[in-house]
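Content type mmCIF, C-alpha atoms, from the file run_39.cif:
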```cif
data_query
#
loop_
_atom_site.label_atom_id
_atom_site.label_comp_id
_atom_site.auth_asym_id
_atom_site.auth_seq_id
_atom_site.Cartn_x
_atom_site.Cartn_y
_atom_site.Cartn_z
CA MET A 1 -30.18 -52.13 30.43
CA ARG A 2 -30.24 -48.46 29.46
CA ILE A 3 -27.13 -46.43 30.10
CA GLY A 4 -27.03 -42.64 30.03
CA ILE A 5 -23.81 -41.31 28.50
CA PRO A 6 -22.36 -37.89 29.39
CA ASP A 7 -21.44 -35.49 26.63
CA ALA A 8 -17.70 -36.07 27.12
CA LEU A 9 -18.09 -39.75 26.17
CA ARG A 10 -20.45 -39.36 23.23
CA SER A 11 -17.52 -39.26 20.82
CA TYR A 12 -17.34 -42.99 21.63
CA THR A 13 -21.05 -43.89 21.57
CA GLY A 14 -22.47 -41.30 19.21
CA ALA A 15 -25.57 -41.31 21.39
CA ALA A 16 -26.77 -39.98 24.74
CA GLU A 17 -28.17 -43.37 25.67
CA VAL A 18 -27.04 -46.87 24.79
CA ILE A 19 -28.01 -50.43 25.68
CA ALA A 20 -25.58 -52.96 27.20
CA ASP A 21 -25.76 -56.16 29.23
CA GLY A 22 -23.94 -57.25 32.36
CA ALA A 23 -24.66 -58.98 35.64
CA THR A 24 -22.35 -56.56 37.47
CA VAL A 25 -21.13 -53.01 37.03
CA ALA A 26 -17.76 -54.38 35.88
CA GLN A 27 -19.43 -56.59 33.27
CA MET A 28 -21.56 -53.70 32.07
CA PHE A 29 -18.44 -51.56 31.54
CA ALA A 30 -16.72 -54.49 29.81
CA ALA A 31 -19.70 -54.78 27.46
CA LEU A 32 -19.62 -51.04 26.82
CA ASP A 33 -15.91 -51.21 26.05
CA ALA A 34 -16.45 -54.09 23.65
CA HIS A 35 -18.90 -51.97 21.68
CA TYR A 36 -17.10 -48.67 22.14
CA PRO A 37 -13.37 -49.44 22.54
CA GLY A 38 -11.52 -47.13 24.90
CA LEU A 39 -14.57 -45.89 26.80
CA ARG A 40 -13.94 -47.90 29.97
CA PHE A 41 -10.38 -46.66 30.52
CA ARG A 42 -11.53 -43.07 30.39
CA VAL A 43 -13.94 -43.74 33.25
CA ILE A 44 -12.12 -46.40 35.32
CA ASP A 45 -8.34 -46.50 35.81
CA GLU A 46 -6.03 -49.49 35.61
CA GLN A 47 -6.41 -50.14 39.34
CA GLY A 48 -10.17 -50.53 38.99
CA ASN A 49 -11.08 -47.16 40.51
CA PHE A 50 -13.54 -44.67 39.08
CA ARG A 51 -11.65 -41.61 37.96
CA ARG A 52 -11.88 -38.58 40.19
CA HIS A 53 -14.45 -36.71 38.15
CA MET A 54 -16.46 -39.62 36.83
CA ARG A 55 -19.47 -41.07 38.62
CA CYS A 56 -21.82 -43.97 38.03
CA PHE A 57 -25.40 -44.12 39.28
CA VAL A 58 -27.62 -47.21 39.36
CA ASN A 59 -31.30 -46.27 39.53
CA GLY A 60 -30.25 -42.89 40.88
CA VAL A 61 -27.91 -44.24 43.56
CA GLN A 62 -24.20 -43.58 43.24
CA THR A 63 -21.96 -46.65 43.24
CA PHE A 64 -18.21 -47.21 43.34
CA ASP A 65 -18.56 -50.98 43.53
CA LEU A 66 -17.60 -52.66 40.30
CA ASN A 67 -18.86 -55.95 41.75
CA GLY A 68 -22.30 -54.54 42.41
CA ALA A 69 -25.08 -56.68 40.90
CA LEU A 70 -27.21 -55.35 38.05
CA SER A 71 -30.45 -56.48 36.47
CA ALA A 72 -31.80 -55.88 33.01
CA GLN A 73 -34.33 -53.37 34.34
CA ASP A 74 -31.74 -51.13 35.99
CA GLU A 75 -31.10 -47.66 34.66
CA ILE A 76 -27.46 -46.64 34.64
CA THR A 77 -26.23 -43.08 34.38
CA ILE A 78 -22.58 -42.21 33.88
CA VAL A 79 -21.99 -38.65 35.03
CA GLN A 80 -19.12 -36.29 34.44
CA ALA A 81 -18.71 -34.42 37.71
CA LEU A 82 -17.62 -30.80 37.92
CA SER A 83 -15.30 -29.30 40.47
CA GLY A 84 -13.45 -26.10 41.06
CA GLY A 85 -14.38 -22.57 41.98
CA MET B 86 9.32 -25.75 -1.73
CA PRO B 87 9.56 -27.64 1.58
CA LYS B 88 6.47 -27.77 3.74
CA ILE B 89 6.59 -26.90 7.41
CA ALA B 90 4.17 -27.98 10.12
CA LEU B 91 4.12 -26.68 13.67
CA LEU B 92 2.43 -29.09 16.07
CA VAL B 93 0.93 -27.23 19.03
CA GLY B 94 -0.59 -28.90 22.10
CA THR B 95 -2.57 -26.82 24.59
CA ARG B 96 -4.94 -27.27 27.50
CA LYS B 97 -7.84 -26.74 25.09
CA GLY B 98 -6.84 -28.97 22.22
CA ALA B 99 -4.21 -29.30 19.49
CA TRP B 100 -3.49 -27.31 16.37
CA ILE B 101 -1.37 -27.89 13.29
CA TYR B 102 0.01 -24.76 11.64
CA ARG B 103 1.23 -25.29 8.10
CA SER B 104 3.46 -23.12 5.95
CA ASP B 105 6.26 -23.32 3.44
CA ALA B 106 9.94 -22.52 3.80
CA ALA B 107 9.25 -18.79 3.50
CA ARG B 108 7.00 -18.95 6.58
CA LEU B 109 5.19 -15.77 5.55
CA ALA B 110 1.68 -17.24 5.58
CA TRP B 111 0.28 -19.94 7.81
CA HIS B 112 -2.75 -22.19 7.49
CA THR B 113 -4.46 -23.11 10.75
CA ASP B 114 -5.68 -26.67 11.09
CA GLY B 115 -7.64 -27.24 14.30
CA PRO B 116 -8.66 -27.50 16.97
CA HIS B 117 -8.13 -31.22 17.15
CA PHE B 118 -9.59 -32.81 20.30
CA LEU B 119 -11.35 -29.63 21.44
CA GLY B 120 -11.49 -29.61 25.22
CA HIS B 121 -8.67 -32.10 25.64
CA ILE B 122 -5.39 -31.30 27.34
CA VAL B 123 -2.82 -32.27 24.73
CA HIS B 124 0.53 -32.57 26.46
CA HIS B 125 2.51 -33.66 23.43
CA MET B 126 1.96 -34.20 19.71
CA VAL B 127 4.80 -35.70 17.71
CA LEU B 128 5.36 -36.57 14.03
CA ASP B 129 7.20 -39.80 13.25
CA PRO B 130 10.25 -38.72 11.23
CA ARG B 131 10.61 -42.29 9.97
CA ASP B 132 7.52 -42.11 7.77
CA GLY B 133 6.66 -38.41 7.77
CA ARG B 134 2.92 -38.95 8.20
CA THR B 135 2.18 -40.71 11.51
CA LEU B 136 1.21 -38.39 14.34
CA LEU B 137 0.76 -39.36 17.95
CA ALA B 138 -1.00 -37.10 20.46
CA ALA B 139 -1.08 -37.62 24.21
CA ALA B 140 -4.43 -36.38 25.52
CA LYS B 141 -6.76 -36.30 28.47
CA THR B 142 -9.49 -33.98 29.62
CA GLY B 143 -10.13 -32.46 33.01
CA HIS B 144 -12.50 -35.36 33.64
CA LEU B 145 -11.69 -38.31 31.43
CA GLY B 146 -8.63 -40.48 31.83
CA PRO B 147 -5.56 -40.36 29.61
CA THR B 148 -5.21 -41.81 26.15
CA ILE B 149 -3.17 -41.57 22.98
CA PHE B 150 -4.62 -40.72 19.59
CA ARG B 151 -2.98 -41.76 16.34
CA SER B 152 -3.18 -40.40 12.85
CA THR B 153 -1.57 -41.87 9.76
CA ASP B 154 -2.62 -39.04 7.45
CA MET B 155 -1.09 -36.03 9.20
CA GLY B 156 -4.16 -35.28 11.29
CA LYS B 157 -6.96 -35.69 8.75
CA SER B 158 -8.33 -38.56 10.81
CA TRP B 159 -7.53 -39.98 14.24
CA ALA B 160 -7.93 -43.33 15.98
CA GLU B 161 -7.41 -44.07 19.65
CA ALA B 162 -4.69 -46.40 20.88
CA ARG B 163 -6.18 -49.82 21.62
CA HIS B 164 -4.17 -50.13 24.83
CA PRO B 165 -2.86 -46.75 26.06
CA PRO B 166 -0.06 -46.58 28.65
CA ALA B 167 -1.27 -48.05 31.95
CA PHE B 168 0.56 -49.46 34.95
CA ALA B 169 0.06 -53.08 35.95
CA LYS B 170 -2.79 -53.75 38.32
CA ALA B 171 -1.57 -54.04 41.87
CA PRO B 172 -2.12 -57.28 43.80
CA ASP B 173 -5.21 -57.27 46.02
CA GLY B 174 -4.64 -55.24 49.15
CA GLU B 175 -1.84 -53.15 47.65
CA THR B 176 -2.05 -49.65 46.22
CA GLY B 177 -1.06 -49.43 42.59
CA ARG B 178 -0.11 -46.54 40.37
CA SER B 179 -2.47 -45.11 37.78
CA VAL B 180 -1.39 -43.02 34.83
CA ASP B 181 -2.79 -39.53 35.24
CA HIS B 182 -1.51 -38.32 31.89
CA THR B 183 1.03 -39.12 29.25
CA PHE B 184 3.40 -36.18 29.14
CA TRP B 185 6.02 -37.19 26.58
CA LEU B 186 6.23 -39.09 23.30
CA THR B 187 9.40 -40.09 21.46
CA PRO B 188 9.71 -42.14 18.26
CA GLY B 189 12.21 -44.98 18.55
CA HIS B 190 15.44 -45.47 16.65
CA ALA B 191 15.45 -45.24 12.85
CA SER B 192 16.21 -48.97 12.70
CA GLN B 193 13.13 -49.77 14.81
CA PRO B 194 10.08 -48.69 12.80
CA GLY B 195 6.94 -48.82 14.88
CA VAL B 196 8.75 -48.37 18.19
CA TRP B 197 7.68 -45.41 20.33
CA TYR B 198 8.29 -44.42 23.93
CA ALA B 199 5.89 -42.60 26.24
CA GLY B 200 6.66 -40.88 29.54
CA THR B 201 3.86 -40.42 32.04
CA SER B 202 2.81 -38.79 35.29
CA PRO B 203 3.33 -40.29 37.81
CA HIS B 204 6.76 -41.36 36.58
CA GLY B 205 6.44 -44.23 34.16
CA LEU B 206 8.04 -45.32 30.90
CA PHE B 207 6.06 -47.22 28.28
CA ARG B 208 7.02 -48.70 24.93
CA SER B 209 5.01 -49.47 21.82
CA GLU B 210 6.21 -51.74 19.05
CA ASP B 211 3.20 -51.25 16.77
CA HIS B 212 3.25 -47.53 15.97
CA GLY B 213 1.44 -46.59 19.19
CA VAL B 214 -1.54 -48.93 18.95
CA THR B 215 -0.65 -50.84 22.12
CA TRP B 216 1.73 -49.93 24.96
CA GLU B 217 3.56 -51.94 27.60
CA GLY B 218 5.42 -50.71 30.67
CA VAL B 219 9.22 -50.78 30.63
CA ALA B 220 9.74 -52.97 33.68
CA GLY B 221 13.40 -52.01 34.08
CA LEU B 222 12.27 -48.56 35.12
CA ASN B 223 8.66 -48.87 36.30
CA ASP B 224 9.39 -51.88 38.52
CA ASN B 225 12.94 -50.90 39.41
CA PRO B 226 13.72 -51.66 43.08
CA GLN B 227 15.13 -48.12 43.35
CA TYR B 228 11.94 -46.52 42.01
CA ARG B 229 10.99 -44.92 45.32
CA GLU B 230 14.59 -43.92 46.07
CA TRP B 231 14.91 -42.18 42.72
CA MET B 232 11.45 -40.74 42.29
CA GLY B 233 9.72 -40.56 45.67
CA GLY B 234 6.04 -41.24 46.10
CA PRO B 235 3.28 -40.44 43.64
CA GLN B 236 2.50 -37.18 45.43
CA ASP B 237 6.09 -35.95 45.34
CA GLY B 238 7.23 -33.67 42.60
CA THR B 239 5.70 -30.94 40.52
CA PRO B 240 2.24 -29.55 41.35
CA ASP B 241 0.57 -31.15 38.33
CA GLY B 242 2.25 -34.44 39.14
CA PRO B 243 5.82 -35.71 38.66
CA LYS B 244 6.64 -36.29 35.03
CA LEU B 245 8.93 -38.50 32.98
CA HIS B 246 10.07 -36.47 30.00
CA SER B 247 12.82 -35.85 27.45
CA LEU B 248 13.33 -39.45 26.42
CA LEU B 249 16.24 -39.29 23.97
CA VAL B 250 17.41 -42.02 21.61
CA ASP B 251 21.07 -42.19 20.63
CA PRO B 252 21.02 -42.07 16.81
CA ARG B 253 23.97 -44.50 16.77
CA ASP B 254 22.40 -47.12 19.05
CA GLY B 255 18.69 -47.71 19.60
CA ASN B 256 19.37 -49.42 22.92
CA HIS B 257 21.08 -46.33 24.34
CA LEU B 258 18.50 -43.99 25.85
CA TYR B 259 18.44 -41.02 28.18
CA LEU B 260 15.48 -39.59 30.08
CA GLY B 261 14.69 -36.92 32.62
CA MET B 262 12.23 -36.97 35.49
CA SER B 263 10.97 -34.04 37.51
CA SER B 264 12.03 -34.90 41.05
CA GLY B 265 13.79 -37.97 39.70
CA GLY B 266 16.97 -36.89 37.92
CA VAL B 267 18.52 -37.85 34.60
CA HIS B 268 19.04 -41.54 33.83
CA GLU B 269 20.73 -43.55 31.11
CA THR B 270 20.30 -47.07 29.78
CA ARG B 271 22.47 -48.97 27.31
CA ASP B 272 20.29 -52.08 27.18
CA ALA B 273 16.98 -50.70 25.88
CA GLY B 274 15.63 -49.98 29.34
CA ALA B 275 16.46 -53.21 31.17
CA SER B 276 18.77 -51.32 33.57
CA TRP B 277 19.28 -47.64 34.32
CA THR B 278 22.06 -45.52 35.79
CA PRO B 279 21.54 -42.03 37.25
CA LEU B 280 23.46 -39.26 35.50
CA VAL B 281 23.29 -36.27 37.84
CA ALA B 282 26.88 -35.47 38.92
CA GLY B 283 27.67 -31.80 38.65
CA MET B 284 24.08 -30.59 38.82
CA ALA B 285 22.89 -28.32 41.60
CA VAL B 286 19.63 -28.88 43.46
CA VAL B 287 17.24 -26.37 45.02
CA PHE B 288 16.36 -28.41 48.08
CA GLY B 289 18.14 -31.18 49.92
CA ASP B 290 21.24 -33.16 49.15
CA ALA B 291 22.59 -33.32 45.59
CA SER B 292 23.59 -36.93 46.20
CA VAL B 293 19.90 -37.81 46.58
CA ILE B 294 18.56 -38.54 43.11
CA GLN B 295 15.03 -37.47 44.05
CA SER B 296 16.33 -33.95 44.75
CA HIS B 297 17.18 -33.42 41.08
CA ASP B 298 14.61 -31.67 38.94
CA PRO B 299 15.58 -31.67 35.27
CA HIS B 300 13.16 -29.64 33.17
CA CYS B 301 14.32 -30.53 29.68
CA LEU B 302 17.09 -32.55 28.04
CA ALA B 303 18.33 -32.19 24.46
CA LEU B 304 20.78 -34.29 22.45
CA CYS B 305 22.78 -32.79 19.57
CA PRO B 306 21.86 -34.71 16.42
CA THR B 307 25.25 -34.15 14.79
CA LEU B 308 27.24 -34.78 17.99
CA PRO B 309 25.27 -37.38 19.97
CA ASP B 310 27.80 -37.44 22.80
CA ARG B 311 26.78 -33.90 23.69
CA LEU B 312 23.64 -33.25 25.72
CA TYR B 313 22.20 -30.06 27.06
CA LEU B 314 19.98 -29.78 30.11
CA GLN B 315 17.85 -27.16 31.77
CA ASN B 316 16.99 -27.92 35.37
CA HIS B 317 15.60 -26.07 38.37
CA CYS B 318 18.95 -24.33 38.88
CA GLY B 319 20.44 -23.58 35.48
CA ILE B 320 21.58 -24.68 32.02
CA TYR B 321 24.11 -27.49 31.76
CA ARG B 322 26.11 -29.38 29.15
CA ILE B 323 27.76 -32.78 29.21
CA ASP B 324 30.13 -34.34 26.70
CA ARG B 325 30.17 -38.09 27.07
CA PRO B 326 31.89 -40.22 28.13
CA SER B 327 32.18 -37.68 30.93
CA ASP B 328 29.67 -38.35 33.70
CA GLU B 329 29.71 -34.80 35.02
CA TRP B 330 27.50 -31.95 33.89
CA GLN B 331 29.05 -28.50 33.43
CA ARG B 332 26.94 -25.43 34.15
CA ILE B 333 27.08 -23.15 31.09
CA GLY B 334 24.08 -20.98 31.89
CA ARG B 335 26.08 -18.41 33.80
CA ASN B 336 26.97 -16.98 30.38
CA MET B 337 23.35 -16.02 29.85
CA PRO B 338 22.40 -12.33 30.03
CA GLY B 339 21.82 -11.38 33.65
CA GLU B 340 18.32 -10.03 33.05
CA ILE B 341 17.30 -13.36 31.58
CA GLY B 342 19.10 -15.81 33.82
CA ASP B 343 19.43 -19.49 33.09
CA ILE B 344 16.40 -21.04 34.72
CA GLY B 345 13.62 -22.07 32.40
CA PHE B 346 11.92 -25.02 30.81
CA PRO B 347 12.21 -25.59 27.04
CA ILE B 348 15.53 -26.05 25.30
CA VAL B 349 16.18 -27.03 21.71
CA ALA B 350 19.50 -28.19 20.26
CA HIS B 351 20.43 -26.92 16.82
CA PRO B 352 19.86 -29.63 14.18
CA ARG B 353 23.37 -29.18 12.71
CA ASP B 354 25.50 -26.97 14.97
CA PRO B 355 26.23 -28.69 18.31
CA ASP B 356 27.52 -25.41 19.77
CA THR B 357 24.11 -23.74 19.47
CA LEU B 358 21.24 -24.21 21.89
CA TRP B 359 17.96 -22.32 22.15
CA CYS B 360 16.41 -21.83 25.55
CA SER B 361 13.81 -19.64 27.19
CA ARG B 362 13.54 -18.10 30.59
CA TRP B 363 11.27 -19.05 33.49
CA THR B 364 8.47 -16.72 32.38
CA ALA B 365 8.06 -15.26 28.94
CA PRO B 366 9.43 -11.72 28.61
CA THR B 367 6.75 -9.11 28.06
CA SER B 368 8.78 -7.64 25.21
CA GLY B 369 8.18 -10.81 23.22
CA ARG B 370 11.86 -11.09 22.45
CA ALA B 371 13.21 -14.20 20.83
CA PRO B 372 14.48 -17.07 22.95
CA ALA B 373 18.00 -16.62 24.22
CA ARG B 374 20.91 -18.46 22.68
CA ALA B 375 23.50 -20.24 24.77
CA GLY B 376 26.22 -22.74 24.07
CA GLY B 377 29.97 -22.61 23.60
CA PRO B 378 32.44 -23.82 26.15
CA PRO B 379 31.51 -23.82 29.82
CA PRO B 380 32.71 -20.77 31.77
CA ILE B 381 34.98 -22.73 34.07
#
```

Step by step, read the file and then write its structure as structure tokens.
Amino acid sequence: MRIGIPDALRSYTGAAEVIADGATVAQMFAALDAHYPGLRFRVIDEQGNFRRHMRCFVNGVQTFDLNGALSAQDEITIVQALSGG
Amino acid sequence: MPKIALLVGTRKGAWIYRSDAARLAWHTDGPHFLGHIVHHMVLDPRDGRTLLAAAKTGHLGPTIFRSTDMGKSWAEARHPPAFAKAPDGETGRSVDHTFWLTPGHASQPGVWYAGTSPHGLFRSEDHGVTWEGVAGLNDNPQYREWMGGPQDGTPDGPKLHSLLVDPRDGNHLYLGMSSGGVHETRDAGASWTPLVAGMAVVFGDASVIQSHDPHCLALCPTLPDRLYLQNHCGIYRIDRPSDEWQRIGRNMPGEIGDIGFPIVAHPRDPDTLWCSRWTAPTSGRAPARAGGPPPI
């Protein structure tokens, strides 16, 4: 599946879009981390929660469920949220 | 001529300023990690070339970068400091940032310690590549009694800092925690004893460890039984084996006071300590100098 990478994580991937497999969101991030070591921990903390300013969209729908099912045709977008005044 | 490097961490990245002993001209090397908040960058005195930098951004989680060529190239830690995952149904702690880095004892090459926010102590035995929690502190039954909850403490999160290694004994460590007091271990972190007697607190009861807010601890390299401390109330000194801190900051000039954050012990003279006030003076004057016997 295609995964859109935010600018802040491109030091890991070297690209704005990468390809990874996974039957769930958790497996997709595990596959990403296998190819780009360290990436997962900067998005998801050690308790399995998305970090406060990081978001993940599956086909345009935001998800926080690491167990959510994925298919090869899904389009994933990791987004770096902004906050503040 | 000896070379000098100043390692500077900021909210926008890290810089290395290089000069020689004359310190008349400086070469700027940086920014490293542009856009990262670099809380601490430390050179390993045991090999003179390994740098560790504790970094995060406003968005990404925390990590540690390593360089073995004095900052020419960097690699990320394979397993940065992280608390253990909580059992299902329980709320676990997550490292927000690593605030402090300390190389281990000279006899323990490759050993490093990291202090985090929320309060956590982590140890690496492979030059910072992988990190494991120090269970004697992180899982201590008195954790909540000493440190409160994850939302207690300083506005940017409670911090474990100032981890000091006794140069005579690598198992003898001290550390400070904002809203957590000063603690000592003699068994490499397996057990800890609070060391707060004599210190004043701003709020609450001084017998409550969580009330103590040490800002910075320093150990005198040539007199390791002497430590200095700056906390939320003043500047203190202790000469072990005494367990009681003596406030020495009342000798500071009145217009400066003795409340601040950074302190640095002199590398050779144990009677000399550099400290700075709460906010930097607009005159740009040099840091104040304290030390000598306590005024009591």

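Residues matched by the PyMOL selection byres ((chain A and resi 73) around 10) in this file: A:Met1, A:Arg2, A:Asn59, A:Leu70, A:Ser71, A:Ala72, A:Asp74, A:Glu75, A:Ile76.
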
field: Best match for closeness to A:Gly48 among A:Val25, A:Ala34, A:Asp7, A:Gly60, counting all atoms listed in the file
entry: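 Of all the options, A:Val25 lies closest to A:Gly48.
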
For A:Val43: contacts at 10 Å, only C-alpha atoms, fewer than 5 positions along chain excluded, given as a VMD selection string: (chain A and resid 9 29 38 48 to 56 78 to 80) or (chain B and resid 144 to 147)

Residue subset to file, keeping C-alpha atoms, as an mmCIF file, in the coordinates of the input:
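Printed below is part_16.cif as written:
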```cif
data_model
loop_
_atom_site.group_PDB
_atom_site.id
_atom_site.type_symbol
_atom_site.label_atom_id
_atom_site.label_comp_id
_atom_site.auth_asym_id
_atom_site.auth_seq_id
_atom_site.Cartn_x
_atom_site.Cartn_y
_atom_site.Cartn_z
ATOM 1 C CA LEU A 9 -18.090 -39.750 26.170
ATOM 2 C CA PHE A 29 -18.440 -51.560 31.540
ATOM 3 C CA GLY A 38 -11.520 -47.130 24.900
ATOM 4 C CA GLY A 48 -10.170 -50.530 38.990
ATOM 5 C CA ASN A 49 -11.080 -47.160 40.510
ATOM 6 C CA PHE A 50 -13.540 -44.670 39.080
ATOM 7 C CA ARG A 51 -11.650 -41.610 37.960
ATOM 8 C CA ARG A 52 -11.880 -38.580 40.190
ATOM 9 C CA HIS A 53 -14.450 -36.710 38.150
ATOM 10 C CA MET A 54 -16.460 -39.620 36.830
ATOM 11 C CA ARG A 55 -19.470 -41.070 38.620
ATOM 12 C CA CYS A 56 -21.820 -43.970 38.030
ATOM 13 C CA ILE A 78 -22.580 -42.210 33.880
ATOM 14 C CA VAL A 79 -21.990 -38.650 35.030
ATOM 15 C CA GLN A 80 -19.120 -36.290 34.440
ATOM 16 C CA HIS B 144 -12.500 -35.360 33.640
ATOM 17 C CA LEU B 145 -11.690 -38.310 31.430
ATOM 18 C CA GLY B 146 -8.630 -40.480 31.830
ATOM 19 C CA PRO B 147 -5.560 -40.360 29.610
#
```

field: Proximal residues of chain B relative to chain A (all atoms listed in the file; 10 Å) as an MDAnalysis selection string
entry: chainID B and resid 120:121 141:148 161:173 175:181

Go ahead and write the residues just picked, C-alpha atoms, as a compact mmCIF listing (two decimals), keeping the file's coordinate frame.
```txt
# COMPACT_ATOMS: atom_id res chain seq x y z
CA GLY B 120 -11.49 -29.61 25.22
CA HIS B 121 -8.67 -32.10 25.64
CA LYS B 141 -6.76 -36.30 28.47
CA THR B 142 -9.49 -33.98 29.62
CA GLY B 143 -10.13 -32.46 33.01
CA HIS B 144 -12.50 -35.36 33.64
CA LEU B 145 -11.69 -38.31 31.43
CA GLY B 146 -8.63 -40.48 31.83
CA PRO B 147 -5.56 -40.36 29.61
CA THR B 148 -5.21 -41.81 26.15
CA GLU B 161 -7.41 -44.07 19.65
CA ALA B 162 -4.69 -46.40 20.88
CA ARG B 163 -6.18 -49.82 21.62
CA HIS B 164 -4.17 -50.13 24.83
CA PRO B 165 -2.86 -46.75 26.06
CA PRO B 166 -0.06 -46.58 28.65
CA ALA B 167 -1.27 -48.05 31.95
CA PHE B 168 0.56 -49.46 34.95
CA ALA B 169 0.06 -53.08 35.95
CA LYS B 170 -2.79 -53.75 38.32
CA ALA B 171 -1.57 -54.04 41.87
CA PRO B 172 -2.12 -57.28 43.80
CA ASP B 173 -5.21 -57.27 46.02
CA GLU B 175 -1.84 -53.15 47.65
CA THR B 176 -2.05 -49.65 46.22
CA GLY B 177 -1.06 -49.43 42.59
CA ARG B 178 -0.11 -46.54 40.37
CA SER B 179 -2.47 -45.11 37.78
CA VAL B 180 -1.39 -43.02 34.83
CA ASP B 181 -2.79 -39.53 35.24
```

- prompt: Could you state the separation of atom CA of B:Trp185 and atom CA of B:Gly345 in Å, given to one decimal place?
  reply: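 Result for atom CA of B:Trp185 versus atom CA of B:Gly345: 17.9 Å, one decimal.
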
- request: Rounded to one decimal place, report the atom CA of B:Phe184-atom CA of B:Tyr102 distance in Å.
  value: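 Spanning atom CA of B:Phe184 to atom CA of B:Tyr102 is a straight-line distance of 21.2 Å.
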
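Using all atoms listed in the file, the nearest neighbour of B:Pro306 within the list B:Gly334, B:Gly261, B:Pro355, B:Pro226 is B:Pro355.
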
message: What does the structure give for the distance between atom CA of B:Ser264 and atom CA of B:Val250, in Å to one decimal?
response: 21.4 Å

query: Residues at most 10 Å from A:Asn67, counting only C-alpha atoms, excluding those fewer than 5 positions away in the same chain, as an NGL selection string?
result: :A and (23-27)

- prompt: Residues picked by the PyMOL selection byres ((chain B and resi 211-222) around 8) here, as a PyMOL selection string?
  reply: chain B and resi 137+149+151+161-169+194-197+205-210+223-225+228+274-277

Given the PyMOL selection byres ((chain B and resi 321-329) around 10), the residues it picks as a compact mmCIF listing (two decimals) with C-alpha atoms, in the coordinates of the input:
```
# COMPACT_ATOMS: atom_id res chain seq x y z
CA PRO B 279 21.54 -42.03 37.25
CA LEU B 280 23.46 -39.26 35.50
CA VAL B 281 23.29 -36.27 37.84
CA ALA B 282 26.88 -35.47 38.92
CA GLY B 283 27.67 -31.80 38.65
CA MET B 284 24.08 -30.59 38.82
CA ALA B 285 22.89 -28.32 41.60
CA LEU B 302 17.09 -32.55 28.04
CA ALA B 303 18.33 -32.19 24.46
CA LEU B 304 20.78 -34.29 22.45
CA LEU B 308 27.24 -34.78 17.99
CA PRO B 309 25.27 -37.38 19.97
CA ASP B 310 27.80 -37.44 22.80
CA ARG B 311 26.78 -33.90 23.69
CA LEU B 312 23.64 -33.25 25.72
CA TYR B 313 22.20 -30.06 27.06
CA LEU B 314 19.98 -29.78 30.11
CA GLN B 315 17.85 -27.16 31.77
CA ASN B 316 16.99 -27.92 35.37
CA CYS B 318 18.95 -24.33 38.88
CA GLY B 319 20.44 -23.58 35.48
CA ILE B 320 21.58 -24.68 32.02
CA TRP B 330 27.50 -31.95 33.89
CA GLN B 331 29.05 -28.50 33.43
CA ARG B 332 26.94 -25.43 34.15
CA ILE B 333 27.08 -23.15 31.09
CA GLY B 334 24.08 -20.98 31.89
CA ARG B 335 26.08 -18.41 33.80
CA ASP B 343 19.43 -19.49 33.09
CA GLY B 376 26.22 -22.74 24.07
CA GLY B 377 29.97 -22.61 23.60
CA PRO B 378 32.44 -23.82 26.15
CA PRO B 379 31.51 -23.82 29.82
```

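Look at A:Glu17: the protein and nucleic acid residues within 9 Å of it, using all atoms listed in the file and passing over chain neighbours fewer than 6 places away, are Arg2, Ile3, Gly4, Ile5, Pro6 and Thr77 of chain A.
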
Go ahead and find all residues with at least one atom no further than 6 Å from (0.4, -41.7, 33.7) in the file's coordinates, using all atoms listed in the file; report them as a compact mmCIF listing (two decimals) with C-alpha atoms, keeping the file's coordinate frame.
```txt
# COMPACT_ATOMS: atom_id res chain seq x y z
CA VAL B 180 -1.39 -43.02 34.83
CA ASP B 181 -2.79 -39.53 35.24
CA HIS B 182 -1.51 -38.32 31.89
CA THR B 183 1.03 -39.12 29.25
CA THR B 201 3.86 -40.42 32.04
CA SER B 202 2.81 -38.79 35.29
CA PRO B 203 3.33 -40.29 37.81
```
